[in-house]
Every structure is written in structure tokens, then in C-alpha cells.
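work.cif (mmCIF, C-alpha atoms and all ligand atoms)
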data_work
loop_
_atom_site.label_atom_id
_atom_site.label_comp_id
_atom_site.auth_asym_id
_atom_site.auth_seq_id
_atom_site.Cartn_x
_atom_site.Cartn_y
_atom_site.Cartn_z
CA MET T 1 1.91 11.23 1.96
CA LYS T 2 -1.87 11.66 2.04
CA GLY T 3 -3.73 11.74 5.37
CA ILE T 4 -5.90 8.80 4.24
CA ILE T 5 -2.83 6.56 4.54
CA PHE T 6 -2.32 7.71 8.16
CA ASN T 7 -6.06 7.32 8.86
CA VAL T 8 -5.87 3.64 7.87
CA LEU T 9 -2.61 3.22 9.83
CA GLU T 10 -4.35 4.63 12.92
CA GLU T 11 -7.29 2.26 12.41
CA MET T 12 -4.93 -0.74 12.20
CA ILE T 13 -2.82 0.19 15.23
CA VAL T 14 -5.84 1.09 17.40
CA GLU T 15 -7.54 -2.19 16.40
CA GLN T 16 -4.45 -4.34 17.04
CA ALA T 17 -2.73 -2.53 19.93
CA GLY T 18 -5.18 0.04 21.33
CA MET T 19 -5.61 3.80 21.39
CA GLU T 20 -2.89 4.26 24.05
CA VAL T 21 -0.23 2.83 21.75
CA TRP T 22 -1.36 5.03 18.84
CA ASN T 23 -1.32 8.17 21.01
CA THR T 24 2.16 7.31 22.29
CA LEU T 25 3.42 6.85 18.71
CA LEU T 26 1.87 10.19 17.68
CA GLU T 27 3.46 12.00 20.63
CA LYS T 28 6.84 10.49 19.87
CA HIS T 29 6.99 10.94 16.11
CA THR T 30 4.76 13.85 15.05
CA PRO T 31 4.34 17.55 15.87
CA GLN T 32 2.01 18.40 18.74
CA ASN T 33 -1.74 18.09 18.08
CA ARG T 34 -1.20 16.29 14.77
CA VAL T 35 -4.53 15.53 13.09
CA TYR T 36 -4.46 13.70 9.75
CA VAL T 37 -7.01 14.99 7.21
CA SER T 38 -7.47 12.40 4.44
CA ALA T 39 -6.94 14.73 1.45
CA LYS T 40 -4.02 16.71 2.90
CA ASN T 41 -0.31 15.97 2.54
CA TYR T 42 1.95 15.08 5.48
CA PRO T 43 5.67 14.29 5.61
CA GLU T 44 6.30 10.63 4.73
CA THR T 45 9.04 10.70 7.41
CA GLU T 46 6.19 10.48 9.96
CA LEU T 47 4.97 7.23 8.41
CA PHE T 48 8.49 5.77 8.36
CA ALA T 49 9.16 6.85 11.97
CA ILE T 50 5.94 5.21 13.22
CA ALA T 51 6.50 2.02 11.19
CA THR T 52 10.13 1.78 12.36
CA ASP T 53 9.05 2.12 15.99
CA VAL T 54 6.35 -0.55 15.57
CA ALA T 55 9.01 -2.87 14.08
CA VAL T 56 11.23 -2.29 17.14
CA LEU T 57 8.29 -2.84 19.54
CA LEU T 58 7.35 -6.11 17.80
CA ASN T 59 10.99 -7.10 17.19
CA VAL T 60 10.34 -7.83 13.49
CA PRO T 61 11.96 -6.39 10.32
CA LEU T 62 10.59 -3.02 9.12
CA GLN T 63 9.69 -4.53 5.75
CA GLN T 64 7.40 -7.04 7.49
CA VAL T 65 5.55 -4.18 9.22
CA VAL T 66 5.27 -2.24 5.94
CA LYS T 67 3.92 -5.34 4.16
CA ALA T 68 1.37 -6.09 6.91
CA PHE T 69 0.23 -2.47 6.74
CA GLY T 70 -0.07 -2.70 2.93
CA GLN T 71 -2.35 -5.72 3.26
CA TYR T 72 -4.56 -3.91 5.79
CA LEU T 73 -4.44 -0.74 3.65
CA PHE T 74 -6.10 -2.39 0.66
CA SER T 75 -9.49 -2.83 2.36
CA GLY T 76 -9.10 0.61 3.96
CA LEU T 77 -8.69 2.21 0.53
CA ALA T 78 -11.29 -0.01 -1.14
CA THR T 79 -14.01 0.85 1.42
CA ARG T 80 -13.20 4.57 1.16
CA HIS T 81 -13.23 4.50 -2.67
CA THR T 82 -16.05 2.12 -3.59
CA GLY T 83 -16.58 3.89 -6.94
CA VAL T 84 -13.19 2.89 -8.30
CA MET T 85 -13.71 -0.70 -7.15
CA THR T 86 -16.81 -1.17 -9.35
CA ARG T 87 -14.55 -0.89 -12.41
CA PHE T 88 -13.02 -4.33 -11.77
CA SER T 89 -14.38 -7.81 -12.32
CA GLY T 90 -11.78 -9.60 -10.21
CA PHE T 91 -8.21 -9.81 -8.98
CA THR T 92 -6.43 -9.85 -12.36
CA SER T 93 -8.50 -6.99 -13.77
CA LEU T 94 -7.74 -4.87 -10.66
CA VAL T 95 -3.99 -5.53 -10.70
CA MET T 96 -3.82 -4.79 -14.43
CA GLY T 97 -5.66 -1.51 -13.73
CA ILE T 98 -3.57 -0.17 -10.81
CA HIS T 99 -1.66 2.38 -12.84
CA ASN T 100 -4.04 3.32 -15.65
CA VAL T 101 -7.35 3.15 -13.77
CA ILE T 102 -6.89 3.33 -9.96
CA HIS T 103 -4.02 5.77 -9.72
CA VAL T 104 -5.39 7.88 -12.60
CA GLU T 105 -8.60 8.21 -10.56
CA VAL T 106 -6.54 9.04 -7.43
CA ASN T 107 -4.85 11.81 -9.42
CA LYS T 108 -8.28 13.34 -10.12
CA LEU T 109 -9.55 12.98 -6.54
CA TYR T 110 -6.47 14.25 -4.67
CA HIS T 111 -4.24 17.27 -5.12
CA GLU T 112 -0.70 16.20 -6.05
CA PRO T 113 -0.69 12.68 -4.65
CA ALA T 114 2.70 10.93 -4.37
CA LEU T 115 2.14 7.80 -6.42
CA PRO T 116 4.53 5.09 -7.62
CA THR T 117 5.09 4.08 -11.25
CA ILE T 118 3.58 0.63 -11.77
CA SER T 119 3.33 -1.36 -14.98
CA CYS T 120 1.92 -4.84 -15.44
CA VAL T 121 2.34 -7.52 -18.05
CA LEU T 122 -0.08 -10.43 -18.20
CA VAL T 123 2.40 -13.23 -18.92
CA ASN T 124 -0.35 -15.87 -19.12
CA ASN T 125 -3.64 -16.69 -17.35
CA HIS T 126 -1.99 -17.23 -14.00
CA ASN T 127 1.12 -15.04 -14.03
CA ILE T 128 1.38 -11.24 -13.82
CA GLU T 129 4.73 -9.45 -13.89
CA LEU T 130 4.42 -6.14 -12.02
CA THR T 131 7.21 -3.56 -12.19
CA TYR T 132 7.35 -1.01 -9.37
CA HIS T 133 9.33 2.18 -9.11
CA SER T 134 9.05 5.02 -6.60
CA PRO T 135 11.48 7.33 -4.79
CA ARG T 136 9.73 6.19 -1.57
CA LYS T 137 10.75 2.55 -2.17
CA LEU T 138 7.48 1.25 -0.70
CA CYS T 139 7.60 -2.01 -2.68
CA PHE T 140 6.76 -4.04 0.45
CA CYS T 141 3.66 -1.89 0.86
CA ALA T 142 2.82 -2.73 -2.78
CA GLU T 143 3.30 -6.44 -2.01
CA GLY T 144 0.96 -6.16 0.98
CA LEU T 145 -1.63 -4.25 -1.09
CA ILE T 146 -1.57 -7.05 -3.69
CA PHE T 147 -2.10 -9.68 -0.97
CA GLY T 148 -4.95 -7.50 0.33
CA ALA T 149 -6.51 -7.43 -3.15
CA ALA T 150 -6.12 -11.22 -3.42
CA GLU T 151 -7.88 -11.60 -0.06
CA HIS T 152 -10.67 -9.27 -1.24
CA TYR T 153 -11.34 -11.46 -4.31
CA GLN T 154 -10.57 -14.73 -2.47
CA GLN T 155 -7.80 -15.50 -4.92
CA ALA T 156 -4.83 -17.53 -3.64
CA ILE T 157 -1.52 -16.09 -4.88
CA THR T 158 2.24 -16.20 -4.36
CA ILE T 159 4.63 -13.32 -5.02
CA LYS T 160 8.29 -13.59 -6.01
CA HIS T 161 10.17 -10.33 -5.39
CA ASP T 162 13.77 -11.14 -6.34
CA VAL T 163 14.60 -7.93 -8.22
CA CYS T 164 14.31 -5.11 -5.66
CA MET T 165 15.31 -1.45 -5.21
CA HIS T 166 16.35 -2.40 -1.66
CA HIS T 167 19.00 -4.66 -3.20
CA GLY T 168 20.33 -1.87 -5.41
CA ASP T 169 18.21 -2.70 -8.46
CA GLU T 170 16.79 0.16 -10.54
CA LYS T 171 13.20 -1.08 -10.09
CA CYS T 172 11.36 -3.87 -8.32
CA ILE T 173 9.83 -6.79 -10.19
CA LEU T 174 6.98 -8.67 -8.51
CA ASN T 175 6.07 -11.97 -10.14
CA ILE T 176 2.51 -12.69 -9.06
CA GLU T 177 1.25 -16.24 -9.52
CA LEU T 178 -2.43 -17.13 -9.18
CA ILE T 179 -3.00 -20.50 -7.55
CA ASN T 180 -6.10 -22.30 -8.81
CA ASP T 181 -7.10 -25.77 -7.63
MN1 LIG L 201 -2.36 2.76 -4.43
C1 LIG L 201 -0.31 4.98 -2.67
C2 LIG L 201 0.30 0.64 -4.74
C3 LIG L 201 -4.50 0.06 -4.85
C4 LIG L 201 -5.03 4.74 -3.72
N1 LIG L 201 -0.38 2.81 -3.82
C5 LIG L 201 0.26 3.79 -3.07
C6 LIG L 201 1.61 3.37 -2.78
C7 LIG L 201 1.77 2.13 -3.36
C8 LIG L 201 0.54 1.80 -4.02
C9 LIG L 201 2.99 1.23 -3.30
C10 LIG L 201 2.64 4.13 -1.90
C11 LIG L 201 3.34 5.27 -2.61
C12 LIG L 201 4.59 4.86 -3.35
O1 LIG L 201 4.95 3.66 -3.43
O2 LIG L 201 5.26 5.77 -3.90
N2 LIG L 201 -2.15 0.73 -4.81
C13 LIG L 201 -0.96 0.07 -4.97
C14 LIG L 201 -1.21 -1.32 -5.33
C15 LIG L 201 -2.58 -1.48 -5.33
C16 LIG L 201 -3.15 -0.18 -4.99
C17 LIG L 201 -0.12 -2.35 -5.60
C18 LIG L 201 -3.43 -2.68 -5.60
C19 LIG L 201 -3.03 -3.93 -5.46
N3 LIG L 201 -4.38 2.45 -4.30
C20 LIG L 201 -5.06 1.28 -4.53
C21 LIG L 201 -6.49 1.51 -4.40
C22 LIG L 201 -6.65 2.85 -4.11
C23 LIG L 201 -5.32 3.43 -4.04
C24 LIG L 201 -7.60 0.46 -4.55
C25 LIG L 201 -7.90 3.63 -3.89
C26 LIG L 201 -8.92 3.58 -4.67
N4 LIG L 201 -2.61 4.58 -3.44
C27 LIG L 201 -3.82 5.23 -3.29
C28 LIG L 201 -3.61 6.48 -2.58
C29 LIG L 201 -2.23 6.56 -2.27
C30 LIG L 201 -1.63 5.32 -2.80
C31 LIG L 201 -4.70 7.50 -2.21
C32 LIG L 201 -1.49 7.65 -1.48
C33 LIG L 201 -0.91 8.75 -2.32
C34 LIG L 201 -0.21 9.77 -1.44
O3 LIG L 201 0.08 9.49 -0.28
O4 LIG L 201 0.03 10.90 -1.90
ZN ZN L 202 11.41 -4.16 -3.91
#

Please rewrite the model in this file as C-alpha cells.
Ligand code: MNH
Ligand code: ZN
Amino acid sequence: MKGIIFNVLEEMIVEQAGMEVWNTLLEKHTPQNRVYVSAKNYPETELFAIATDVAVLLNVPLQQVVKAFGQYLFSGLATRHTGVMTRFSGFTSLVMGIHNVIHVEVNKLYHEPALPTISCVLVNNHNIELTYHSPRKLCFCAEGLIFGAAEHYQQAITIKHDVCMHHGDEKCILNIELIND
């Protein structure tokens, strides 16, 4: 897992709970003097350990924490990679470009990033079917990222996530519906 992900996680936890809480989490779940450098790789077990502890502290399901982080992560990634963002005209264009534009660019910018496999089908003007697969099973992070993108473009959406790797399915299917009034 790239350091940039941990950098945004730190920003979120410090902003919402304070530096003390972040330092305590680091002490508990990472090797001594851990410093996350954005382009370097770190064990994803550190991310899961921190997220699991936050879920216990807040007494909410882990998947809710992962989703909330995903939503926060979108603006963190977007502000750190403004160049990629200029390629999109809006929410639908960005979602349709996750795999073939955004993550292709990420593959050029980072050494051996650990990315999911995502494919999208534009069912009609207000429905996108997104298929997610990854050994890390971070589909709730993907859901949060999509809500973050919707927020960025001020597009109201709903997501149905009935087919899920966490329920033993081979892949996850996210049915994204755009709400226009
Ligand atoms: Mn993208 C990792 C989905 C937008 C850059 N991205 C991930 C992961 C998911 C994901 C899920 C976690 C790894 C996994 O599941 O195996 N990403 C998305 C979705 C959107 C998205 C659904 C939009 C919506 N991602 C973006 C944007 C950028 C970006 C915008 C930056 C320009 N993503 C990354 C980087 C990683 C990542 C960097 C981390 C790779 C690694 O840790 O090695
Ligand atoms: Zn899922």
C-alpha cells in the first residue's frame, strides 16, 4: 500500500480526532519511528490494523470506517494529482475512466502500485454498473471513493452493492444511480 494512502489517513484522523490519537495508533500498530513516504510501499496490514482499531474506538463496523475513509481519500488523491483530474468533464466521465485513465496514470507515476481491477458499463444516462475485484477486498473503500467523486462534482447518487466479495461472490458489483431533479 502506497504511503500516499497513509498520508491521507493521517490527515483525516488528525483533523477528526487530533494528533494524539494518530500518534497512539502509530505506536500501537506500526514499527517504531514509522514515517510514510507517499511513493513508497508499506504493508497493507498496517492500514487494516489502524482502521480496525478506529472501528473499535467508534463502536462502528469496520466497513463503515473503510467507506468513510474512501470518501475522504477522493479529495486527498484529487488534490495531490490535479493533472489527472483535468482529463474529466464530470462525474460519469471520471467513473468511466477509473481503470483506463486514472489507474493507468497511477501505474506510470508509482513503482508497482497495488491497484484493483475495475470495469464500468454505462447502462444508460443515469446508471453505471461498476465491477470491482482485488485481493485486498477494499470494495467499501471504492464505494467511499465514488461518493467522494460525486461530492466533488456535486452529483447526487445512490449505490447498490448486493453482489460482494465479502459475501463469497467472485467480484463486487456496484450499481451507481445518478439522481437528477
Ligand atoms: Mn484509486 C488505490 C478505487 C480514484 C489513485 N483506488 C485504490 C483502491 C481502490 C481504488 C478501491 C485500493 C486498492 C485495491 O482495492 O486493491 N480509485 C478508486 C475509485 C476511484 C479512484 C473507485 C474513483 C471513484 N485513485 C483515484 C484517483 C487517484 C487514484 C482520482 C489519483 C489520481 N488509487 C490511487 C492510488 C492508489 C489507489 C495512488 C494506491 C495504490 C497502492 O497503494 O499501491
Ligand atoms: Zn463488495

Exercise. How far is it from atom CA of Ala149 of chain T to atom CA of Leu109 of chain T, in Å with one decimal?
Worked result: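 A separation of 20.9 Å between them.
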
For this session: Please give me, as number ranges by chain, the residues lying within 6 Å of ligand LIG 201 (chain L) when counting all atoms listed in the file.
Result: T: 1-2, 77-78, 81, 84, 95, 98, 102, 106, 113-116, 134, 136, 138-139, 141-142, 145-146, 149

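With all atoms listed in the file counted, the chains near ligand ZN 202 (chain L) contribute these residues within 8 Å: Tyr132, Lys137, Leu138, Cys139, Phe140, His161, Asp162, Val163, Cys164, Met165, His166, His167, Lys171, Cys172, Ile173 and Leu174 of chain T.
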
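One distance worth recording is that between atom CA of Val60 of chain T and atom CA of Phe91 of chain T, which is 29.2 Å.
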
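Counting from atom CA of Thr79 of chain T, the distance to atom CA of Ile179 of chain T is 25.6 Å.
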
Problem set entry | 7 Å contact set for Leu178 of chain T, all atoms listed in the file, chain neighbours under 6 positions out, as a list in words | His126, Asn127, Ala156, Ile157 and Thr158 of chain T

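Minimum distance to Lys67 of chain T across T:Ala51, T:Phe6, T:Thr82, T:Asp181 (counting only C-alpha atoms) occurs at T:Ala51.
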
Reconstruct N, CA and C atoms of segment 136-157 of chain T from the incomplete input and present them as a CSV table (one decimal), in the frame of the given file.
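File selection.csv, as written:
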chain,number,residue,atom,x,y,z
T,136,ARG,N,10.0,6.6,-3.0
T,136,ARG,CA,9.7,6.2,-1.6
T,136,ARG,C,10.1,4.7,-1.3
T,137,LYS,N,10.4,4.0,-2.3
T,137,LYS,CA,10.8,2.6,-2.2
T,137,LYS,C,9.8,1.8,-1.3
T,138,LEU,N,8.5,2.0,-1.5
T,138,LEU,CA,7.5,1.2,-0.7
T,138,LEU,C,7.0,0.0,-1.4
T,139,CYS,N,8.0,-0.8,-2.0
T,139,CYS,CA,7.6,-2.0,-2.7
T,139,CYS,C,7.0,-3.1,-1.8
T,140,PHE,N,7.4,-3.1,-0.5
T,140,PHE,CA,6.8,-4.0,0.4
T,140,PHE,C,5.3,-3.7,0.8
T,141,CYS,N,5.0,-2.4,0.7
T,141,CYS,CA,3.7,-1.9,0.9
T,141,CYS,C,2.9,-2.4,-0.4
T,142,ALA,N,3.5,-2.3,-1.6
T,142,ALA,CA,2.8,-2.7,-2.8
T,142,ALA,C,2.5,-4.2,-2.7
T,143,GLU,N,3.5,-5.0,-2.2
T,143,GLU,CA,3.3,-6.4,-2.0
T,143,GLU,C,2.1,-6.7,-1.1
T,144,GLY,N,2.1,-6.0,0.0
T,144,GLY,CA,1.0,-6.2,1.0
T,144,GLY,C,-0.4,-5.8,0.4
T,145,LEU,N,-0.4,-4.7,-0.4
T,145,LEU,CA,-1.6,-4.2,-1.1
T,145,LEU,C,-2.1,-5.3,-2.0
T,146,ILE,N,-1.2,-6.0,-2.7
T,146,ILE,CA,-1.6,-7.0,-3.7
T,146,ILE,C,-2.1,-8.3,-2.9
T,147,PHE,N,-1.5,-8.6,-1.8
T,147,PHE,CA,-2.1,-9.7,-1.0
T,147,PHE,C,-3.5,-9.3,-0.4
T,148,GLY,N,-3.6,-8.0,-0.1
T,148,GLY,CA,-5.0,-7.5,0.3
T,148,GLY,C,-6.0,-7.6,-0.8
T,149,ALA,N,-5.6,-7.3,-2.0
T,149,ALA,CA,-6.5,-7.4,-3.2
T,149,ALA,C,-6.9,-8.9,-3.4
T,150,ALA,N,-5.9,-9.8,-3.2
T,150,ALA,CA,-6.1,-11.2,-3.4
T,150,ALA,C,-7.1,-11.7,-2.4
T,151,GLU,N,-7.0,-11.2,-1.1
T,151,GLU,CA,-7.9,-11.6,-0.1
T,151,GLU,C,-9.3,-11.1,-0.4
T,152,HIS,N,-9.4,-9.9,-0.9
T,152,HIS,CA,-10.7,-9.3,-1.2
T,152,HIS,C,-11.4,-10.1,-2.3
T,153,TYR,N,-10.7,-10.7,-3.3
T,153,TYR,CA,-11.3,-11.5,-4.3
T,153,TYR,C,-11.2,-13.0,-4.0
T,154,GLN,N,-10.8,-13.3,-2.9
T,154,GLN,CA,-10.6,-14.7,-2.5
T,154,GLN,C,-9.8,-15.5,-3.5
T,155,GLN,N,-8.7,-14.9,-3.9
T,155,GLN,CA,-7.8,-15.5,-4.9
T,155,GLN,C,-6.5,-15.8,-4.2
T,156,ALA,N,-6.1,-17.1,-4.2
T,156,ALA,CA,-4.8,-17.5,-3.6
T,156,ALA,C,-3.7,-17.1,-4.6
T,157,ILE,N,-2.7,-16.5,-4.0
T,157,ILE,CA,-1.5,-16.1,-4.9
T,157,ILE,C,-0.2,-16.3,-4.2
